[in-house]
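Peer 1: Have a peek at my_file.cif (mmCIF, C-alpha atoms).
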data_entry
#
loop_
_atom_site.label_atom_id
_atom_site.label_comp_id
_atom_site.auth_asym_id
_atom_site.auth_seq_id
_atom_site.Cartn_x
_atom_site.Cartn_y
_atom_site.Cartn_z
CA MET J 1 2.18 136.13 145.71
CA GLY J 2 1.80 139.17 147.97
CA ALA J 3 0.07 142.42 147.22
CA GLY J 4 3.48 143.99 146.57
CA TRP J 5 3.44 142.43 143.11
CA VAL J 6 0.15 144.02 142.03
CA ALA J 7 1.62 147.40 141.07
CA GLY J 8 4.70 145.79 139.54
CA VAL J 9 2.77 143.41 137.30
CA THR J 10 0.29 146.12 136.33
CA ARG J 11 3.17 148.36 135.26
CA ALA J 12 4.81 145.45 133.39
CA ARG J 13 1.68 144.85 131.33
CA ALA J 14 1.31 148.57 130.61
CA LEU J 15 4.89 148.79 129.33
CA ARG J 16 4.08 146.37 126.53
CA THR J 17 2.64 149.37 124.67
CA ARG J 18 6.19 150.76 124.53
CA CYS J 19 7.18 148.09 122.03
CA LEU J 20 7.44 149.22 118.42
CA GLY J 21 5.98 145.93 117.25
CA ALA J 22 6.20 144.16 113.92
CA ASP J 23 4.54 146.93 111.90
CA GLY J 24 6.73 149.65 113.40
CA ILE J 25 9.91 147.66 112.91
CA ARG J 26 8.88 147.01 109.32
CA ASN J 27 8.48 150.75 108.77
CA VAL J 28 11.91 151.48 110.24
CA ALA J 29 13.60 148.72 108.23
CA GLY J 30 11.96 149.94 105.03
CA SER J 31 12.99 153.56 105.46
CA PRO J 32 15.08 154.73 102.49
CA THR J 33 17.53 156.58 104.77
CA LEU J 34 18.58 156.53 108.38
CA ASP J 35 17.19 160.05 108.85
CA ASP J 36 13.79 158.85 107.64
CA ALA J 37 13.94 156.01 110.16
CA LEU J 38 14.87 158.44 112.94
CA ARG J 39 11.98 160.73 112.03
CA TYR J 40 9.66 157.76 112.33
CA LEU J 41 11.13 156.78 115.70
CA ALA J 42 10.72 160.37 116.95
CA ALA J 43 6.98 159.70 117.17
CA THR J 44 7.34 156.43 119.09
CA ALA J 45 8.36 155.31 122.55
CA TYR J 46 12.00 155.43 121.39
CA ARG J 47 11.88 159.19 120.85
CA HIS J 48 13.56 160.23 124.11
CA ASP J 49 17.18 159.78 123.01
CA VAL J 50 16.77 159.80 119.23
CA THR J 51 18.25 162.89 117.58
CA PRO J 52 18.28 163.96 113.91
CA GLY J 53 21.61 163.43 112.18
CA ALA J 54 22.70 160.63 114.47
CA THR J 55 25.11 158.02 113.15
CA PRO J 56 23.88 154.42 112.94
CA ALA J 57 25.79 153.56 116.12
CA GLU J 58 24.40 156.58 117.99
CA ALA J 59 20.87 155.74 116.86
CA GLN J 60 21.23 152.13 117.97
CA ARG J 61 22.63 153.21 121.30
CA ALA J 62 19.68 155.59 121.74
CA VAL J 63 17.34 152.64 121.33
CA SER J 64 19.31 150.73 123.97
CA ALA J 65 19.20 153.73 126.32
CA THR J 66 15.42 153.89 125.94
CA LEU J 67 15.14 150.20 126.77
CA LEU J 68 17.25 150.77 129.88
CA TRP J 69 15.03 153.66 130.95
CA HIS J 70 11.92 151.47 130.62
CA LEU J 71 13.59 148.76 132.70
CA ARG J 72 14.53 151.29 135.38
CA VAL J 73 10.95 152.54 135.51
CA LEU J 74 9.67 148.98 135.72
CA ALA J 75 12.13 148.12 138.48
CA GLY J 76 10.93 151.07 140.52
CA TRP J 77 7.46 149.53 140.78
CA GLN J 78 8.63 146.10 141.92
CA PRO J 79 9.10 144.51 145.33
CA ALA J 80 12.72 143.68 146.09
CA THR J 81 12.56 140.27 144.42
CA GLY J 82 11.27 141.79 141.19
CA THR J 83 13.96 144.48 141.18
CA ASP J 84 16.62 141.81 141.66
CA ALA J 85 15.23 139.86 138.69
CA ILE J 86 15.27 142.92 136.42
CA ARG J 87 18.79 143.77 137.55
CA ALA J 88 19.95 140.28 136.55
CA LEU J 89 18.16 140.54 133.20
CA ALA J 90 19.70 143.97 132.52
CA ALA J 91 23.29 142.99 133.37
CA GLY J 92 24.38 143.55 129.77
CA PHE J 93 24.28 147.31 130.28
CA GLU J 94 26.84 147.16 133.08
CA ILE J 95 28.95 144.83 130.96
CA SER J 96 28.88 147.35 128.12
CA ASN J 97 29.86 150.17 130.47
CA THR J 98 32.74 148.12 131.83
CA GLU J 99 34.00 147.15 128.38
CA HIS J 100 34.15 150.76 127.25
CA HIS J 101 35.71 151.85 130.54
CA LEU J 102 38.42 149.20 130.23
CA ARG J 103 39.19 150.22 126.68
CA SER J 104 39.63 153.79 127.84
CA LEU J 105 42.12 152.54 130.43
CA SER J 106 44.11 150.34 128.07
CA ALA J 107 47.17 151.94 126.56
CA GLU J 108 47.33 149.33 123.81
CA THR J 109 44.77 148.57 121.13
CA PRO J 110 42.33 146.14 122.73
CA SER J 111 42.07 142.59 121.54
CA PRO J 112 38.69 141.60 120.12
CA ALA J 113 35.95 141.09 122.67
CA PRO J 114 33.36 138.31 122.32
CA VAL J 115 31.00 139.01 119.45
CA GLU J 116 27.66 140.33 120.65
CA PRO J 117 24.62 141.27 118.61
CA ARG J 118 24.60 144.91 117.55
CA HIS J 119 26.22 146.44 120.58
CA ALA J 120 25.05 150.02 120.26
CA GLY J 121 27.83 152.59 120.09
CA MET J 122 30.55 150.38 118.64
CA GLU J 123 31.55 153.11 116.17
CA ARG J 124 32.38 155.36 119.10
CA LEU J 125 35.25 154.09 121.17
CA HIS J 126 34.23 155.75 124.43
CA PRO J 127 30.51 156.59 124.49
CA PRO J 128 29.06 157.97 127.73
CA PRO J 129 28.20 155.16 130.14
CA TYR J 130 24.64 153.99 130.41
CA ARG J 131 22.85 155.45 133.43
CA LEU J 132 22.06 152.35 135.43
CA GLY J 133 20.44 153.78 138.54
CA ALA J 134 19.08 151.04 140.78
CA LEU J 135 19.98 148.43 138.16
CA ALA J 136 23.70 148.85 138.82
CA ILE J 137 25.46 145.81 140.22
CA ALA J 138 28.96 147.11 140.96
CA TRP J 139 29.31 149.91 138.41
CA THR J 140 30.01 152.67 140.95
CA ARG J 141 33.16 150.86 142.12
CA LEU J 142 34.16 149.72 138.65
CA ALA J 143 33.90 153.24 137.23
CA ARG J 144 36.39 154.54 139.79
CA THR J 145 39.19 152.19 138.73
CA ARG J 146 42.15 153.71 136.91
CA THR J 147 44.07 150.72 135.55
CA PRO J 148 43.08 147.36 134.05
CA SER J 149 44.51 145.55 137.09
CA GLU J 150 42.45 147.73 139.43
CA LEU J 151 39.36 146.93 137.40
CA ARG J 152 40.06 143.21 137.62
CA SER J 153 40.51 143.50 141.38
CA ALA J 154 37.24 145.42 141.71
CA LEU J 155 35.42 142.74 139.71
CA ALA J 156 36.97 140.00 141.85
CA ALA J 157 35.76 141.74 145.00
CA SER J 158 32.21 142.04 143.65
CA VAL J 159 29.48 139.57 142.74
CA TRP J 160 30.91 139.50 139.22
CA GLY J 161 33.92 137.54 140.43
CA ASP J 162 37.45 137.37 139.03
CA PRO J 163 37.34 137.23 135.21
CA GLY J 164 40.70 135.45 135.12
CA GLY J 165 42.58 138.29 133.42
CA ASP J 166 42.51 142.02 132.84
CA SER J 167 42.48 142.05 129.03
CA PRO J 168 39.31 143.30 127.32
CA ALA J 169 38.58 139.79 126.03
CA ALA J 170 39.01 138.14 129.45
CA VAL J 171 36.88 140.75 131.21
CA ALA J 172 34.12 140.67 128.59
CA THR J 173 33.99 136.88 128.60
CA GLY J 174 34.21 136.59 132.38
CA MET J 175 31.42 139.07 132.98
CA ARG J 176 29.12 137.41 130.46
CA VAL J 177 29.69 133.98 131.95
CA SER J 178 29.05 135.37 135.42
CA ALA J 179 25.90 137.15 134.22
CA ALA J 180 24.50 133.95 132.68
CA LEU J 181 25.13 131.96 135.84
CA ARG J 182 23.57 134.64 138.04
CA LEU J 183 20.55 134.95 135.74
CA ALA J 184 19.90 131.20 135.78
CA THR J 185 20.09 131.21 139.57
CA ALA J 186 18.14 134.39 140.33
CA VAL J 187 15.47 134.13 137.62
CA PRO J 188 14.35 130.51 137.15
CA ASP J 189 12.02 131.51 134.30
CA ALA J 190 15.05 132.77 132.38
CA ALA J 191 17.32 129.78 133.11
CA ARG J 192 16.79 128.33 129.62
CA TRP J 193 17.73 131.65 128.02
CA ALA J 194 20.82 131.94 130.20
CA ALA J 195 22.11 128.43 129.42
CA ALA J 196 21.54 128.81 125.67
CA ARG J 197 23.14 132.25 125.60
CA LEU J 198 26.18 130.88 127.41
CA ALA J 199 26.42 128.02 124.90
CA LEU J 200 26.43 130.57 122.09
CA LEU J 201 29.15 132.61 123.80
CA PHE J 202 31.29 129.55 124.53
CA GLY J 203 30.88 128.21 121.00
CA ARG J 204 31.95 131.51 119.47
CA GLU J 205 34.91 132.04 121.74
CA VAL J 206 36.38 128.56 121.62
CA PHE J 207 35.38 127.15 118.24
CA VAL J 208 35.05 130.26 116.06
CA VAL J 209 37.54 132.78 117.48
CA GLY J 210 39.81 129.97 118.71
CA ARG J 211 40.42 131.64 122.05
CA ARG J 212 40.76 129.54 125.18
CA MET J 213 38.46 130.68 127.94
CA PRO J 214 40.20 131.56 131.24
CA ASP J 215 40.03 128.65 133.69
CA VAL J 216 37.86 130.49 136.20
CA SER J 217 35.31 131.35 133.51
CA ALA J 218 35.40 127.80 132.13
CA ARG J 219 34.65 126.42 135.61
CA ARG J 220 31.70 128.78 135.95
CA ALA J 221 30.44 127.88 132.48
CA ALA J 222 30.56 124.20 133.40
CA ARG J 223 27.96 124.81 136.10
CA LEU J 224 25.39 125.57 133.38
CA LEU J 225 26.74 123.69 130.39
CA GLY J 226 28.26 120.67 132.12
CA PRO J 227 31.94 119.66 132.33
CA ARG J 228 31.75 117.45 129.22
CA ALA J 229 30.68 120.33 127.02
CA VAL J 230 33.30 122.70 128.43
CA ARG J 231 36.07 120.12 127.94
CA ALA J 232 34.97 119.18 124.40
CA GLY J 233 37.74 119.23 121.83
CA SER J 234 35.53 119.92 118.82
CA TYR J 235 32.40 121.87 118.04
CA ALA J 236 30.53 118.65 117.20
CA ASP J 237 31.40 117.14 120.59
CA PHE J 238 30.53 120.40 122.33
CA ARG J 239 27.09 120.57 120.75
CA GLN J 240 26.37 116.93 121.54
CA ALA J 241 27.42 117.30 125.19
CA LEU J 242 25.24 120.33 125.90
CA PRO J 243 22.29 119.90 128.29
CA ALA J 244 18.77 120.15 126.91
CA THR J 245 18.46 123.68 128.29
CA ALA J 246 21.09 124.82 125.79
CA GLN J 247 21.22 122.17 123.08
CA TRP J 248 18.04 123.42 121.38
CA LEU J 249 19.77 126.64 120.33
CA LEU J 250 22.41 124.92 118.20
CA LYS J 251 20.08 122.34 116.70
CA ASP J 252 20.81 121.88 112.97
CA ILE J 253 23.80 124.23 113.15
CA ASP J 254 26.43 121.71 112.12
CA GLU J 255 29.40 124.01 111.60
CA ALA J 256 30.97 126.33 114.15
CA ALA J 257 31.25 129.06 111.54
CA ASP J 258 27.45 129.19 111.37
CA VAL J 259 26.74 129.63 115.08
CA TRP J 260 25.91 133.30 114.50
CA ARG J 261 22.63 132.07 112.99
CA ALA J 262 21.59 130.96 116.47
CA GLU J 263 21.34 134.62 117.49
CA GLY J 264 17.99 135.09 115.78
CA ARG J 265 16.72 131.75 117.11
CA TRP J 266 17.63 132.84 120.64
CA TRP J 267 15.78 136.14 120.35
CA GLU J 268 12.75 134.45 118.81
CA ALA J 269 12.61 132.10 121.80
CA VAL J 270 12.99 134.98 124.27
CA GLU J 271 10.17 136.88 122.57
CA ARG J 272 7.91 133.84 122.38
CA ASP J 273 8.54 132.83 126.00
CA GLY J 274 8.19 136.44 127.14
CA ARG J 275 4.78 136.74 125.53
CA GLU J 276 3.64 133.59 127.31
CA LEU J 277 5.02 134.73 130.68
CA LEU J 278 3.33 138.12 130.36
CA ARG J 279 0.00 136.39 129.78
CA ARG J 280 0.19 134.65 133.14
CA SER J 281 -2.75 135.82 135.23
CA HIS J 282 -1.22 135.71 138.69
CA PHE J 283 0.69 138.51 140.36
CA GLY J 284 4.31 137.46 140.67
CA PRO J 285 7.62 137.60 138.86
CA GLN J 286 6.63 135.79 135.66
CA PRO J 287 4.72 138.66 133.95
CA VAL J 288 7.55 141.02 134.91
CA VAL J 289 10.17 138.75 133.37
CA GLY J 290 7.94 138.45 130.32
CA ALA J 291 7.71 142.22 129.93
CA VAL J 292 11.50 142.58 130.12
CA ALA J 293 11.86 139.87 127.47
CA LEU J 294 9.41 141.56 125.08
CA LEU J 295 10.90 145.03 125.56
CA SER J 296 14.42 143.66 125.02
CA ALA J 297 13.50 141.68 121.90
CA ASP J 298 11.72 144.71 120.46
CA ALA J 299 14.78 146.90 121.06
CA TRP J 300 17.07 144.30 119.46
CA GLN J 301 14.91 144.12 116.34
CA THR J 302 14.64 147.93 116.22
CA ARG J 303 18.43 148.24 116.30
CA GLY J 304 18.60 145.74 113.45
CA ALA J 305 15.96 147.68 111.50
CA LEU J 306 18.02 150.86 111.90
CA GLU J 307 20.99 148.99 110.48
CA LEU J 308 18.92 148.10 107.41
CA ALA J 309 17.68 151.68 107.04
CA ALA J 310 21.28 152.94 107.15
CA ARG J 311 22.01 150.61 104.21
CA GLY J 312 19.12 152.01 102.17
CA GLY J 313 16.14 150.08 103.48
CA GLY J 314 13.52 149.11 100.97
CA PRO J 315 11.03 146.29 100.47
CA GLY J 316 11.71 142.67 101.25
CA ASP J 317 11.52 140.19 104.08
CA TRP J 318 12.74 142.58 106.75
CA SER J 319 12.19 140.07 109.56
CA ALA J 320 14.48 137.50 107.99
CA GLU J 321 17.16 140.13 107.41
CA VAL J 322 16.97 141.45 110.96
CA LEU J 323 16.98 138.03 112.57
CA ASP J 324 19.61 136.47 110.31
CA ALA J 325 22.10 139.34 110.16
CA PRO J 326 25.34 138.45 111.98
CA GLY J 327 26.17 140.50 115.07
#
Would you write the structure of this file as structure tokens?

Peer 2:
Amino acid sequence: MGAGWVAGVTRARALRTRCLGADGIRNVAGSPTLDDALRYLAATAYRHDVTPGATPAEAQRAVSATLLWHLRVLAGWQPATGTDAIRALAAGFEISNTEHHLRSLSAETPSPAPVEPRHAGMERLHPPPYRLGALAIAWTRLARTRTPSELRSALAASVWGDPGGDSPAAVATGMRVSAALRLATAVPDAARWAAARLALLFGREVFVVGRRMPDVSARRAARLLGPRAVRAGSYADFRQALPATAQWLLKDIDEAADVWRAEGRWWEAVERDGRELLRRSHFGPQPVVGAVALLSADAWQTRGALELAARGGGPGDWSAEVLDAPG
């Protein structure tokens, strides 16, 4: 790889120190109150947006905002290819912004969106949008829309593509399917994560919620999961038809109602793979992707630890609770 990667990879390795780590997450999870957990975080890399007296949702969103800031800093040190990879990995922030924007536009109570792990800010209906900076994909145009139909049209005219509807559920599903497909294409080292994440989304939507995926999203999903899996009439057939890149995630999960347990397995794999990618000695995209994976997994576990602290914390197997808690 060219010399342009030297600064980017060096910065990626340095950012690993921004992770709270197992000991720090254990301390947060064991805090007897949320305020105690926030006081602990105030002396860590998550201190920037953490404020005393925050609600659990506000505290979790502050952790997410810190993660986004680290990714923006990291992207600023990359050559164009590295910035593109980080943008694809960080697409969830634009999805979150769009979901909240659409809900603010909808006159009716929104239908449930696909279940996602600990989306920060869910207790506040319209939190301020995340500041995406150079990691924005089409947010500037999406934020200017004034009706759900305008938002759908703006998505269709962008790289996100038409979600197949303008309801909150259709938009949320369509954007996540599009993000998974784009990630698998733009970041080969993350293709396994993208396929497995899409399998989890599809399994929840179709076999848990019982909601048919819009045709355009189903066609996109088939590009990663295969047409047999997308057309499956039962969860058992779906799991069996998945490609190897996704089938590992649902191994031993025999019932659709238990697919939420795959969430922790997915994050464990992302963290494990990220650590290996960051160890790669050459200057190129792999250590950068690894750093994003580790920072993201750390933030996810920290949000889960805050959830435990808000419930009273205390001793116990915090890691099992954080990884096994449903989203």

Peer 1: Do you know which residues lie at most 6 Å from (29.1, 121.3, 115.5), with coordinates as in the file and only C-alpha atoms counted, and could you write them as a list in words?

Peer 2: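 Returned residue set, sorted by chain then number, is Tyr235, Ala236, Arg239, Asp254, Glu255 and Ala256 of chain J.
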
Peer 1: Under the rule that all atoms listed in the file are counted, which of J:Asp36, J:Leu68, J:Trp77, J:Arg87 is the nearest residue to Gly53 in chain J?

Peer 2: J:Asp36

Peer 1: List the residues selected by the PyMOL selection byres ((chain J and resi 240) around 12) in the file shown, writing them as an NGL selection string.

Peer 2: :J and (199 or 225-226 or 228-230 or 232-239 or 241-244 or 246-254)

Peer 1: When distances are computed from only C-alpha atoms, which of J:Gln78, J:Gln60, J:Asn97, J:Thr185 shows the smallest separation from Ala299 in chain J?

Peer 2: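 Of J:Gln78, J:Gln60, J:Asn97, J:Thr185, the one nearest Ala299 in chain J, counting only C-alpha atoms, is J:Gln60.
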
Peer 1: Figure out the distance between CA of Gly264 in chain J and CA of Leu15 in chain J, please, to one decimal in Å.

Peer 2: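 If I compute the distance from CA of Leu15 in chain J to CA of Gly264 in chain J, I get 23.3 Å.
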
Peer 1: Would you kindly translate the PyMOL selection byres ((chain J and resi 42) around 12) into the concrete residues it picks from this file, as a list in words?

Peer 2: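 Expected selection for the PyMOL selection byres ((chain J and resi 42) around 12) here is Leu20, Gly24, Val28, Asp35, Asp36, Ala37, Leu38, Arg39, Tyr40, Leu41, Ala43, Thr44, Ala45, Tyr46, Arg47, His48, Asp49, Val50, Thr51, Pro52, Ala59, Ala62 and Val63 of chain J.
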
Peer 1: Write out as a list of chain:residue names which residues come within 9 Å of Arg204 in chain J when counting only C-alpha atoms, dropping same-chain ones fewer than 3 positions away.

Peer 2: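 Contacts, with the query itself left out: J:Pro114, J:Val115, J:Ala199, J:Leu200, J:Leu201, J:Phe207, J:Val208, J:Val209, J:Gly210, J:Arg211, J:Ala256, J:Ala257, J:Val259, J:Trp260.
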
Peer 1: Skipping near chain neighbours, those fewer than 6 positions away, what residues fall within 10 Å of range 154-157 of chain J using all atoms listed in the file, listed as a ChimeraX atom specification?

Peer 2: /J:98,138-139,141-145,148,163-164,166,171,174-175

Peer 1: Just the residues within 9 Å of Ala310 in chain J, please, counting only C-alpha atoms, with nothing from its chain fewer than 4 positions along; format it as a list in words.

Peer 2: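 Using only C-alpha atoms, the neighbours found are Ala29, Ser31, Pro32, Thr33, Leu34, Asp35, Ala37, Thr55, Pro56, Ala305 and Leu306 of chain J.
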
Peer 1: So how many Å separate CA of Gly21 in chain J and CA of Ala57 in chain J, to one decimal?

Peer 2: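 Here the two named atoms are 21.3 Å from each other.
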
Peer 1: From the list J:Leu151, J:Val73, J:Leu183, J:Ala136, which residue is nearest Ser106 in chain J when using all atoms listed in the file?

Peer 2: J:Leu151

Peer 1: Using CA of Met213 in chain J and CA of Ala191 in chain J as the two end points, give the distance in Å to one decimal.

Peer 2: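 Atom-to-atom, CA of Met213 in chain J to CA of Ala191 in chain J, that is 21.8 Å.
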